[in-house]
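Enquirer: Here it is: the structure, laid out below.
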Amino acid sequence: MKILLIDDEESILNLVRMNLELEGFEVITSANGNIGIKAFQNQKPDLVLLDLMLPDLDGYEVMKRMQQINRKIPIIILTAKGQLNDKLLGLQLGADDYITKPFDSREIILRIRAISRRINQSKLINENCGNKIEKGFIKLLKAERKIFIDSIEVQFTFREFETLNLLIQNIDKVFTRAELLEKLWGSIMRVTQGLLIFI
């Protein structure tokens, strides 16, 4: 799995990179937003770890530009901005997860693996089930992770795609909030607070 890590704090960049590489991940690093966007376009990572406070571009702007290139790549925000409004904004703009500093590298790895498992499970389900789902004016191609509304392709983030995929396959079922969180976020919701340390 190839991960793009964008953070302007050299100590965090080096520590997270080292821990990810020890876990077998291929890591590409960038200390600013513009270089990170170029790496995203050229290196085609499987997942992005993105700091919000960068020296050249706001992290939200970096995320927006990445999604214009490819909305299907999961993005995890790493930031010192821990206010609820910041988290909500990041998630509303399409981030798949949000980790506040200080954090433990083990927590990052757990969350990456959780997203990776969901991607692999989704691919396996797609292989075992029909690829195409059509409900009214909505057509969903699971293997290609594409959604068409009235025959027009609409770009969805990883999390948005998973949500629609779940709902469209359970058209007559009503989910509670807890059920949706468990199915869409899984073990991320169960990461213990005891993992947090200063780095």
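Residue numbering restarts at 1 for every chain of the structure tokens, chains are lettered A, B, ... in their displayed order, and ligands are numbered from 1 as they appear.
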Any idea what's packed within 8 Å of Arg145 in chain A, counting only C-alpha atoms, ignoring anything in its chain fewer than 5 positions away? Could you give it as a ChimeraX atom specification?

Expert: /A:72,140,161

Enquirer: Neighbours of Ala39 in chain A within 9 Å (only C-alpha atoms; same-chain residues fewer than 5 positions away dropped), as a PyMOL selection string?

Expert: chain A and resi 4+28-30+34+44-45

Enquirer: For those residues, write N, CA and C atoms to a file as a JSON list (two decimals), in the first residue's frame.

Expert:
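Generated output (out26.json):
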[["chain", "number", "residue", "atom", "x", "y", "z"],
["A", 4, "LEU", "N", 0.76, 8.64, 0.85],
["A", 4, "LEU", "CA", 1.32, 9.99, 0.72],
["A", 4, "LEU", "C", 1.13, 10.72, 2.04],
["A", 28, "ILE", "N", 5.49, 8.13, 0.62],
["A", 28, "ILE", "CA", 5.96, 9.30, -0.10],
["A", 28, "ILE", "C", 5.71, 10.49, 0.82],
["A", 29, "THR", "N", 6.67, 11.39, 0.96],
["A", 29, "THR", "CA", 6.50, 12.52, 1.88],
["A", 29, "THR", "C", 6.58, 13.85, 1.15],
["A", 30, "SER", "N", 5.91, 14.84, 1.75],
["A", 30, "SER", "CA", 5.96, 16.20, 1.24],
["A", 30, "SER", "C", 5.80, 17.16, 2.42],
["A", 34, "ASN", "N", 1.67, 22.28, -2.30],
["A", 34, "ASN", "CA", 1.85, 22.23, -3.76],
["A", 34, "ASN", "C", 2.62, 21.00, -4.20],
["A", 44, "LYS", "N", 0.26, 8.58, -7.55],
["A", 44, "LYS", "CA", -0.99, 7.81, -7.41],
["A", 44, "LYS", "C", -1.01, 6.94, -6.14],
["A", 45, "PRO", "N", -1.01, 7.58, -4.97],
["A", 45, "PRO", "CA", -1.03, 6.82, -3.71],
["A", 45, "PRO", "C", -2.37, 6.14, -3.48]]

Enquirer: Work out how far CA of Arg159 in chain A is from CA of Gly94 in chain A, in Å to one decimal.

Expert: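 So the two atoms, CA of Gly94 in chain A and CA of Arg159 in chain A, lie 7.6 Å apart.
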
Enquirer: If you count only C-alpha atoms, which residues fall within 12 Å of Ile147 in chain A, apart from same-chain ones fewer than 6 positions away, as a list in words?

Expert: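 After dropping sequence-adjacent residues, the list is Lys72, Asn131, Lys132, Ile133, Glu134, Lys135, Phe137, Ile138, Lys139, Leu140, Leu141, Glu153, Val154, Gln155, Phe156, Thr157, Phe158, Glu160, Phe161, Glu162, Leu164, Asn165 and Ile168 of chain A.
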
Enquirer: Go ahead and save the picked residues with N, CA, C and O atoms, as an mmCIF file, in the first residue's frame.

Expert:
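Output contents, as saved in result-v6.cif:
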data_model
loop_
_atom_site.group_PDB
_atom_site.id
_atom_site.type_symbol
_atom_site.label_atom_id
_atom_site.label_comp_id
_atom_site.auth_asym_id
_atom_site.auth_seq_id
_atom_site.Cartn_x
_atom_site.Cartn_y
_atom_site.Cartn_z
ATOM 1 N N LYS A 72 -11.615 9.225 -5.234
ATOM 2 C CA LYS A 72 -11.758 7.880 -4.687
ATOM 3 C C LYS A 72 -10.653 7.516 -3.699
ATOM 4 O O LYS A 72 -10.742 6.487 -3.038
ATOM 5 N N ASN A 131 -21.631 -6.711 -10.301
ATOM 6 C CA ASN A 131 -20.915 -5.444 -10.261
ATOM 7 C C ASN A 131 -21.860 -4.256 -10.323
ATOM 8 O O ASN A 131 -21.606 -3.224 -9.719
ATOM 9 N N LYS A 132 -22.968 -4.410 -11.039
ATOM 10 C CA LYS A 132 -23.844 -3.259 -11.295
ATOM 11 C C LYS A 132 -25.116 -3.340 -10.459
ATOM 12 O O LYS A 132 -25.767 -4.369 -10.390
ATOM 13 N N ILE A 133 -25.448 -2.208 -9.822
ATOM 14 C CA ILE A 133 -26.710 -2.088 -9.088
ATOM 15 C C ILE A 133 -27.466 -0.906 -9.675
ATOM 16 O O ILE A 133 -26.907 0.193 -9.813
ATOM 17 N N GLU A 134 -28.718 -1.115 -10.018
ATOM 18 C CA GLU A 134 -29.543 -0.031 -10.541
ATOM 19 C C GLU A 134 -30.814 0.083 -9.717
ATOM 20 O O GLU A 134 -31.537 -0.886 -9.530
ATOM 21 N N LYS A 135 -31.067 1.274 -9.201
ATOM 22 C CA LYS A 135 -32.292 1.571 -8.449
ATOM 23 C C LYS A 135 -32.854 2.882 -8.988
ATOM 24 O O LYS A 135 -32.304 3.958 -8.728
ATOM 25 N N PHE A 137 -33.249 5.948 -10.944
ATOM 26 C CA PHE A 137 -32.352 6.758 -11.779
ATOM 27 C C PHE A 137 -30.894 6.670 -11.329
ATOM 28 O O PHE A 137 -30.035 7.360 -11.872
ATOM 29 N N ILE A 138 -30.608 5.801 -10.345
ATOM 30 C CA ILE A 138 -29.244 5.657 -9.830
ATOM 31 C C ILE A 138 -28.631 4.350 -10.318
ATOM 32 O O ILE A 138 -29.248 3.292 -10.211
ATOM 33 N N LYS A 139 -27.445 4.416 -10.873
ATOM 34 C CA LYS A 139 -26.687 3.219 -11.259
ATOM 35 C C LYS A 139 -25.339 3.258 -10.552
ATOM 36 O O LYS A 139 -24.640 4.268 -10.594
ATOM 37 N N LEU A 140 -24.986 2.151 -9.914
ATOM 38 C CA LEU A 140 -23.745 2.066 -9.154
ATOM 39 C C LEU A 140 -22.910 0.909 -9.693
ATOM 40 O O LEU A 140 -23.386 -0.218 -9.770
ATOM 41 N N LEU A 141 -21.677 1.212 -10.111
ATOM 42 C CA LEU A 141 -20.735 0.194 -10.577
ATOM 43 C C LEU A 141 -19.710 -0.016 -9.474
ATOM 44 O O LEU A 141 -18.841 0.836 -9.244
ATOM 45 N N GLU A 153 -22.291 10.689 -14.711
ATOM 46 C CA GLU A 153 -21.412 10.256 -13.632
ATOM 47 C C GLU A 153 -21.242 11.380 -12.605
ATOM 48 O O GLU A 153 -20.988 12.528 -12.964
ATOM 49 N N VAL A 154 -21.397 11.020 -11.337
ATOM 50 C CA VAL A 154 -21.249 11.975 -10.235
ATOM 51 C C VAL A 154 -20.087 11.522 -9.360
ATOM 52 O O VAL A 154 -19.981 10.340 -9.023
ATOM 53 N N GLN A 155 -19.206 12.450 -9.017
ATOM 54 C CA GLN A 155 -18.033 12.110 -8.220
ATOM 55 C C GLN A 155 -18.410 11.997 -6.745
ATOM 56 O O GLN A 155 -19.036 12.892 -6.186
ATOM 57 N N PHE A 156 -18.022 10.898 -6.124
ATOM 58 C CA PHE A 156 -18.277 10.656 -4.710
ATOM 59 C C PHE A 156 -16.952 10.371 -4.015
ATOM 60 O O PHE A 156 -16.057 9.761 -4.599
ATOM 61 N N THR A 157 -16.833 10.783 -2.758
ATOM 62 C CA THR A 157 -15.660 10.416 -1.970
ATOM 63 C C THR A 157 -15.764 8.938 -1.590
ATOM 64 O O THR A 157 -16.811 8.306 -1.759
ATOM 65 N N PHE A 158 -14.673 8.405 -1.066
ATOM 66 C CA PHE A 158 -14.666 7.004 -0.617
ATOM 67 C C PHE A 158 -15.807 6.750 0.363
ATOM 68 O O PHE A 158 -16.565 5.794 0.241
ATOM 69 N N GLU A 160 -18.568 8.552 0.977
ATOM 70 C CA GLU A 160 -19.876 8.760 0.369
ATOM 71 C C GLU A 160 -20.282 7.554 -0.476
ATOM 72 O O GLU A 160 -21.434 7.119 -0.452
ATOM 73 N N PHE A 161 -19.316 7.007 -1.226
ATOM 74 C CA PHE A 161 -19.591 5.825 -2.051
ATOM 75 C C PHE A 161 -20.008 4.646 -1.177
ATOM 76 O O PHE A 161 -20.985 3.955 -1.470
ATOM 77 N N GLU A 162 -19.247 4.419 -0.082
ATOM 78 C CA GLU A 162 -19.561 3.300 0.809
ATOM 79 C C GLU A 162 -20.947 3.472 1.432
ATOM 80 O O GLU A 162 -21.688 2.504 1.606
ATOM 81 N N LEU A 164 -23.614 5.191 0.167
ATOM 82 C CA LEU A 164 -24.651 4.942 -0.839
ATOM 83 C C LEU A 164 -24.729 3.461 -1.193
ATOM 84 O O LEU A 164 -25.814 2.899 -1.357
ATOM 85 N N ASN A 165 -23.559 2.807 -1.297
ATOM 86 C CA ASN A 165 -23.516 1.382 -1.606
ATOM 87 C C ASN A 165 -24.266 0.574 -0.544
ATOM 88 O O ASN A 165 -25.046 -0.333 -0.857
ATOM 89 N N ILE A 168 -28.160 1.501 -0.803
ATOM 90 C CA ILE A 168 -28.843 1.036 -2.011
ATOM 91 C C ILE A 168 -29.013 -0.481 -2.016
ATOM 92 O O ILE A 168 -29.918 -1.021 -2.650
#

Enquirer: Step one, run DSSP on the backbone; step two, keep only residues of range 49-190 of chain A assigned to helix (DSSP H, G or I); then write them as a PyMOL selection string.

Expert: chain A and resi 59-69+84-92+105-128+158-169+177-190

Enquirer: Put those residues in a file: C-alpha atoms, as a PDB file, in the first residue's frame.

Expert:
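Contents of part_18.pdb, as written:
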ATOM      1  CA  GLY A  59      -4.991  21.808   4.052  1.00  0.00           C
ATOM      2  CA  TYR A  60      -8.659  22.091   3.100  1.00  0.00           C
ATOM      3  CA  GLU A  61      -7.610  23.597  -0.240  1.00  0.00           C
ATOM      4  CA  VAL A  62      -5.095  20.783  -0.766  1.00  0.00           C
ATOM      5  CA  MET A  63      -7.837  18.230  -0.112  1.00  0.00           C
ATOM      6  CA  LYS A  64     -10.183  20.020  -2.531  1.00  0.00           C
ATOM      7  CA  ARG A  65      -7.579  19.957  -5.319  1.00  0.00           C
ATOM      8  CA  MET A  66      -6.785  16.298  -4.698  1.00  0.00           C
ATOM      9  CA  GLN A  67     -10.451  15.415  -4.954  1.00  0.00           C
ATOM     10  CA  GLN A  68     -10.625  17.221  -8.291  1.00  0.00           C
ATOM     11  CA  ILE A  69      -7.892  14.837  -9.475  1.00  0.00           C
ATOM     12  CA  LEU A  84     -15.433  20.095  16.718  1.00  0.00           C
ATOM     13  CA  ASN A  85     -16.122  22.611  13.926  1.00  0.00           C
ATOM     14  CA  ASP A  86     -12.749  21.840  12.338  1.00  0.00           C
ATOM     15  CA  LYS A  87     -13.477  18.103  12.453  1.00  0.00           C
ATOM     16  CA  LEU A  88     -16.958  18.535  11.007  1.00  0.00           C
ATOM     17  CA  LEU A  89     -15.646  20.770   8.225  1.00  0.00           C
ATOM     18  CA  GLY A  90     -12.939  18.264   7.316  1.00  0.00           C
ATOM     19  CA  LEU A  91     -15.387  15.369   7.203  1.00  0.00           C
ATOM     20  CA  GLN A  92     -17.975  17.394   5.276  1.00  0.00           C
ATOM     21  CA  SER A 105       1.639   6.280  15.494  1.00  0.00           C
ATOM     22  CA  ARG A 106      -0.118   3.014  16.396  1.00  0.00           C
ATOM     23  CA  GLU A 107      -3.459   4.785  16.159  1.00  0.00           C
ATOM     24  CA  ILE A 108      -2.639   5.992  12.648  1.00  0.00           C
ATOM     25  CA  ILE A 109      -1.665   2.473  11.612  1.00  0.00           C
ATOM     26  CA  LEU A 110      -4.888   1.019  13.069  1.00  0.00           C
ATOM     27  CA  ARG A 111      -6.995   3.520  11.172  1.00  0.00           C
ATOM     28  CA  ILE A 112      -5.106   2.962   7.922  1.00  0.00           C
ATOM     29  CA  ARG A 113      -5.557  -0.794   8.275  1.00  0.00           C
ATOM     30  CA  ALA A 114      -9.274  -0.325   9.018  1.00  0.00           C
ATOM     31  CA  ILE A 115      -9.739   1.658   5.796  1.00  0.00           C
ATOM     32  CA  SER A 116      -7.609  -0.875   3.891  1.00  0.00           C
ATOM     33  CA  ARG A 117      -9.758  -3.750   5.195  1.00  0.00           C
ATOM     34  CA  ARG A 118     -12.943  -2.027   4.084  1.00  0.00           C
ATOM     35  CA  ILE A 119     -11.490  -1.424   0.614  1.00  0.00           C
ATOM     36  CA  ASN A 120     -10.445  -5.077   0.321  1.00  0.00           C
ATOM     37  CA  GLN A 121     -13.790  -6.313   1.670  1.00  0.00           C
ATOM     38  CA  SER A 122     -15.606  -4.098  -0.801  1.00  0.00           C
ATOM     39  CA  LYS A 123     -13.506  -5.493  -3.669  1.00  0.00           C
ATOM     40  CA  LEU A 124     -14.210  -9.060  -2.508  1.00  0.00           C
ATOM     41  CA  ILE A 125     -17.945  -8.415  -2.273  1.00  0.00           C
ATOM     42  CA  ASN A 126     -17.858  -6.836  -5.716  1.00  0.00           C
ATOM     43  CA  GLU A 127     -16.175  -9.937  -7.123  1.00  0.00           C
ATOM     44  CA  ASN A 128     -18.696 -12.279  -5.493  1.00  0.00           C
ATOM     45  CA  PHE A 158     -14.666   7.004  -0.617  1.00  0.00           C
ATOM     46  CA  ARG A 159     -16.951   7.419   2.416  1.00  0.00           C
ATOM     47  CA  GLU A 160     -19.876   8.760   0.369  1.00  0.00           C
ATOM     48  CA  PHE A 161     -19.591   5.825  -2.051  1.00  0.00           C
ATOM     49  CA  GLU A 162     -19.561   3.300   0.809  1.00  0.00           C
ATOM     50  CA  THR A 163     -22.620   4.971   2.384  1.00  0.00           C
ATOM     51  CA  LEU A 164     -24.651   4.942  -0.839  1.00  0.00           C
ATOM     52  CA  ASN A 165     -23.516   1.382  -1.606  1.00  0.00           C
ATOM     53  CA  LEU A 166     -24.737   0.237   1.822  1.00  0.00           C
ATOM     54  CA  LEU A 167     -28.070   2.045   1.569  1.00  0.00           C
ATOM     55  CA  ILE A 168     -28.843   1.036  -2.011  1.00  0.00           C
ATOM     56  CA  GLN A 169     -28.253  -2.639  -1.177  1.00  0.00           C
ATOM     57  CA  ARG A 177     -27.043   5.912  13.784  1.00  0.00           C
ATOM     58  CA  ALA A 178     -25.035   3.334  15.764  1.00  0.00           C
ATOM     59  CA  GLU A 179     -25.469   0.714  13.015  1.00  0.00           C
ATOM     60  CA  LEU A 180     -24.304   3.140  10.335  1.00  0.00           C
ATOM     61  CA  LEU A 181     -21.254   4.143  12.375  1.00  0.00           C
ATOM     62  CA  GLU A 182     -20.339   0.510  12.951  1.00  0.00           C
ATOM     63  CA  LYS A 183     -20.792  -0.542   9.317  1.00  0.00           C
ATOM     64  CA  LEU A 184     -19.071   2.480   7.763  1.00  0.00           C
ATOM     65  CA  TRP A 185     -16.400   3.236  10.350  1.00  0.00           C
ATOM     66  CA  GLY A 186     -15.944  -0.165  12.006  1.00  0.00           C
ATOM     67  CA  SER A 187     -12.993  -0.474  14.369  1.00  0.00           C
ATOM     68  CA  ILE A 188     -12.088   3.211  13.959  1.00  0.00           C
ATOM     69  CA  MET A 189     -14.839   3.976  16.467  1.00  0.00           C
ATOM     70  CA  ARG A 190     -13.259   1.560  18.939  1.00  0.00           C
TER      71      ARG A 190
END

Enquirer: How many Å separate CA of Lys2 in chain A from CA of Leu93 in chain A?

Expert: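 We find that CA of Lys2 in chain A and CA of Leu93 in chain A lie 22.7 Å from each other.
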
Enquirer: Mind giving me the straight-line distance from CA of Leu5 in chain A to CA of Leu50 in chain A in Å, one decimal?

Expert: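 Result for CA of Leu5 in chain A versus CA of Leu50 in chain A: 6.2 Å, one decimal.
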
Enquirer: Determine which residues of range 11-134 of chain A DSSP labels as strand (DSSP E) from the backbone of this structure, then write them out as a list in words.

Expert: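 These are the residues in question: Glu26, Val27, Ile28, Thr29, Ser30, Leu47, Val48, Leu49, Leu50, Asp51, Ile75, Ile76, Ile77, Leu78, Thr79, Asp97, Tyr98, Ile99, Thr100, Lys132, Ile133 and Glu134 of chain A.
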
Enquirer: Write a file of the selected residues as a PDB file, in the first residue's frame, keeping N, CA, C and O atoms.

Expert:
ATOM      1  N   GLU A  26       4.666   1.598   1.753  1.00  0.00           N
ATOM      2  CA  GLU A  26       5.519   2.474   0.947  1.00  0.00           C
ATOM      3  C   GLU A  26       5.081   3.909   1.217  1.00  0.00           C
ATOM      4  O   GLU A  26       3.889   4.221   1.112  1.00  0.00           O
ATOM      5  N   VAL A  27       6.016   4.787   1.572  1.00  0.00           N
ATOM      6  CA  VAL A  27       5.652   6.145   1.995  1.00  0.00           C
ATOM      7  C   VAL A  27       6.305   7.196   1.106  1.00  0.00           C
ATOM      8  O   VAL A  27       7.513   7.167   0.863  1.00  0.00           O
ATOM      9  N   ILE A  28       5.489   8.126   0.625  1.00  0.00           N
ATOM     10  CA  ILE A  28       5.956   9.301  -0.101  1.00  0.00           C
ATOM     11  C   ILE A  28       5.706  10.494   0.817  1.00  0.00           C
ATOM     12  O   ILE A  28       4.617  10.614   1.392  1.00  0.00           O
ATOM     13  N   THR A  29       6.669  11.395   0.958  1.00  0.00           N
ATOM     14  CA  THR A  29       6.498  12.515   1.883  1.00  0.00           C
ATOM     15  C   THR A  29       6.577  13.853   1.152  1.00  0.00           C
ATOM     16  O   THR A  29       7.228  13.980   0.110  1.00  0.00           O
ATOM     17  N   SER A  30       5.908  14.836   1.752  1.00  0.00           N
ATOM     18  CA  SER A  30       5.959  16.198   1.245  1.00  0.00           C
ATOM     19  C   SER A  30       5.801  17.158   2.419  1.00  0.00           C
ATOM     20  O   SER A  30       5.012  16.898   3.333  1.00  0.00           O
ATOM     21  N   LEU A  47      -3.614   6.041  -0.327  1.00  0.00           N
ATOM     22  CA  LEU A  47      -4.200   6.745   0.819  1.00  0.00           C
ATOM     23  C   LEU A  47      -3.339   7.969   1.110  1.00  0.00           C
ATOM     24  O   LEU A  47      -2.129   7.959   0.868  1.00  0.00           O
ATOM     25  N   VAL A  48      -3.966   9.026   1.653  1.00  0.00           N
ATOM     26  CA  VAL A  48      -3.249  10.267   1.973  1.00  0.00           C
ATOM     27  C   VAL A  48      -3.408  10.596   3.456  1.00  0.00           C
ATOM     28  O   VAL A  48      -4.508  10.519   4.004  1.00  0.00           O
ATOM     29  N   LEU A  49      -2.278  10.949   4.099  1.00  0.00           N
ATOM     30  CA  LEU A  49      -2.283  11.518   5.442  1.00  0.00           C
ATOM     31  C   LEU A  49      -1.935  12.991   5.285  1.00  0.00           C
ATOM     32  O   LEU A  49      -0.849  13.332   4.819  1.00  0.00           O
ATOM     33  N   LEU A  50      -2.854  13.880   5.669  1.00  0.00           N
ATOM     34  CA  LEU A  50      -2.728  15.296   5.329  1.00  0.00           C
ATOM     35  C   LEU A  50      -2.825  16.188   6.552  1.00  0.00           C
ATOM     36  O   LEU A  50      -3.824  16.164   7.280  1.00  0.00           O
ATOM     37  N   ASP A  51      -1.789  17.006   6.765  1.00  0.00           N
ATOM     38  CA  ASP A  51      -1.827  18.032   7.801  1.00  0.00           C
ATOM     39  C   ASP A  51      -2.620  19.221   7.271  1.00  0.00           C
ATOM     40  O   ASP A  51      -2.535  19.554   6.082  1.00  0.00           O
ATOM     41  N   ILE A  75      -8.637   9.974   2.389  1.00  0.00           N
ATOM     42  CA  ILE A  75      -7.787  11.002   3.003  1.00  0.00           C
ATOM     43  C   ILE A  75      -8.022  11.009   4.504  1.00  0.00           C
ATOM     44  O   ILE A  75      -9.166  11.109   4.961  1.00  0.00           O
ATOM     45  N   ILE A  76      -6.938  10.894   5.264  1.00  0.00           N
ATOM     46  CA  ILE A  76      -6.996  11.025   6.720  1.00  0.00           C
ATOM     47  C   ILE A  76      -6.315  12.331   7.094  1.00  0.00           C
ATOM     48  O   ILE A  76      -5.158  12.561   6.739  1.00  0.00           O
ATOM     49  N   ILE A  77      -7.017  13.185   7.805  1.00  0.00           N
ATOM     50  CA  ILE A  77      -6.461  14.472   8.226  1.00  0.00           C
ATOM     51  C   ILE A  77      -5.689  14.293   9.529  1.00  0.00           C
ATOM     52  O   ILE A  77      -6.183  13.676  10.471  1.00  0.00           O
ATOM     53  N   LEU A  78      -4.474  14.840   9.574  1.00  0.00           N
ATOM     54  CA  LEU A  78      -3.664  14.898  10.797  1.00  0.00           C
ATOM     55  C   LEU A  78      -3.486  16.368  11.136  1.00  0.00           C
ATOM     56  O   LEU A  78      -2.915  17.112  10.343  1.00  0.00           O
ATOM     57  N   THR A  79      -3.940  16.793  12.303  1.00  0.00           N
ATOM     58  CA  THR A  79      -3.848  18.221  12.592  1.00  0.00           C
ATOM     59  C   THR A  79      -3.909  18.521  14.080  1.00  0.00           C
ATOM     60  O   THR A  79      -4.412  17.716  14.871  1.00  0.00           O
ATOM     61  N   ASP A  97     -11.272  10.345   7.603  1.00  0.00           N
ATOM     62  CA  ASP A  97     -10.996  10.244   9.038  1.00  0.00           C
ATOM     63  C   ASP A  97     -10.260  11.502   9.477  1.00  0.00           C
ATOM     64  O   ASP A  97      -9.762  12.274   8.647  1.00  0.00           O
ATOM     65  N   TYR A  98     -10.194  11.708  10.800  1.00  0.00           N
ATOM     66  CA  TYR A  98      -9.639  12.944  11.341  1.00  0.00           C
ATOM     67  C   TYR A  98      -8.917  12.600  12.640  1.00  0.00           C
ATOM     68  O   TYR A  98      -9.546  12.125  13.588  1.00  0.00           O
ATOM     69  N   ILE A  99      -7.600  12.790  12.671  1.00  0.00           N
ATOM     70  CA  ILE A  99      -6.802  12.477  13.856  1.00  0.00           C
ATOM     71  C   ILE A  99      -6.147  13.757  14.352  1.00  0.00           C
ATOM     72  O   ILE A  99      -5.480  14.463  13.596  1.00  0.00           O
ATOM     73  N   THR A 100      -6.341  14.062  15.625  1.00  0.00           N
ATOM     74  CA  THR A 100      -5.771  15.288  16.180  1.00  0.00           C
ATOM     75  C   THR A 100      -4.424  15.014  16.846  1.00  0.00           C
ATOM     76  O   THR A 100      -4.184  13.948  17.392  1.00  0.00           O
ATOM     77  N   LYS A 132     -22.968  -4.410 -11.039  1.00  0.00           N
ATOM     78  CA  LYS A 132     -23.844  -3.259 -11.295  1.00  0.00           C
ATOM     79  C   LYS A 132     -25.116  -3.340 -10.459  1.00  0.00           C
ATOM     80  O   LYS A 132     -25.767  -4.369 -10.390  1.00  0.00           O
ATOM     81  N   ILE A 133     -25.448  -2.208  -9.822  1.00  0.00           N
ATOM     82  CA  ILE A 133     -26.710  -2.088  -9.088  1.00  0.00           C
ATOM     83  C   ILE A 133     -27.466  -0.906  -9.675  1.00  0.00           C
ATOM     84  O   ILE A 133     -26.907   0.193  -9.813  1.00  0.00           O
ATOM     85  N   GLU A 134     -28.718  -1.115 -10.018  1.00  0.00           N
ATOM     86  CA  GLU A 134     -29.543  -0.031 -10.541  1.00  0.00           C
ATOM     87  C   GLU A 134     -30.814   0.083  -9.717  1.00  0.00           C
ATOM     88  O   GLU A 134     -31.537  -0.886  -9.530  1.00  0.00           O
TER      89      GLU A 134
END

Enquirer: Residues near Met53 in chain A, anyone? I mean within 9 Å using only C-alpha atoms, not counting same-chain ones fewer than 5 positions away, as a PyMOL selection string.

Expert: chain A and resi 7-8+58-59+79-81

Enquirer: I need the chosen residues saved as a PDB file, in the first residue's frame, with N, CA and C atoms.

Expert:
ATOM      1  N   ASP A   7       3.112  16.875   5.648  1.00  0.00           N
ATOM      2  CA  ASP A   7       3.204  17.563   6.940  1.00  0.00           C
ATOM      3  C   ASP A   7       4.465  18.421   6.935  1.00  0.00           C
ATOM      4  N   ASP A   8       4.365  19.646   7.434  1.00  0.00           N
ATOM      5  CA  ASP A   8       5.525  20.543   7.402  1.00  0.00           C
ATOM      6  C   ASP A   8       6.404  20.429   8.646  1.00  0.00           C
ATOM      7  N   ASP A  58      -3.668  26.098   2.523  1.00  0.00           N
ATOM      8  CA  ASP A  58      -4.508  25.551   3.576  1.00  0.00           C
ATOM      9  C   ASP A  58      -4.799  24.090   3.251  1.00  0.00           C
ATOM     10  N   GLY A  59      -4.767  23.232   4.269  1.00  0.00           N
ATOM     11  CA  GLY A  59      -4.991  21.808   4.052  1.00  0.00           C
ATOM     12  C   GLY A  59      -6.327  21.504   3.404  1.00  0.00           C
ATOM     13  N   THR A  79      -3.940  16.793  12.303  1.00  0.00           N
ATOM     14  CA  THR A  79      -3.848  18.221  12.592  1.00  0.00           C
ATOM     15  C   THR A  79      -3.909  18.521  14.080  1.00  0.00           C
ATOM     16  N   ALA A  80      -3.402  19.698  14.433  1.00  0.00           N
ATOM     17  CA  ALA A  80      -3.508  20.177  15.811  1.00  0.00           C
ATOM     18  C   ALA A  80      -4.849  20.864  16.050  1.00  0.00           C
ATOM     19  N   LYS A  81      -5.607  21.083  14.979  1.00  0.00           N
ATOM     20  CA  LYS A  81      -6.924  21.716  15.115  1.00  0.00           C
ATOM     21  C   LYS A  81      -7.907  20.675  15.653  1.00  0.00           C
TER      22      LYS A  81
END
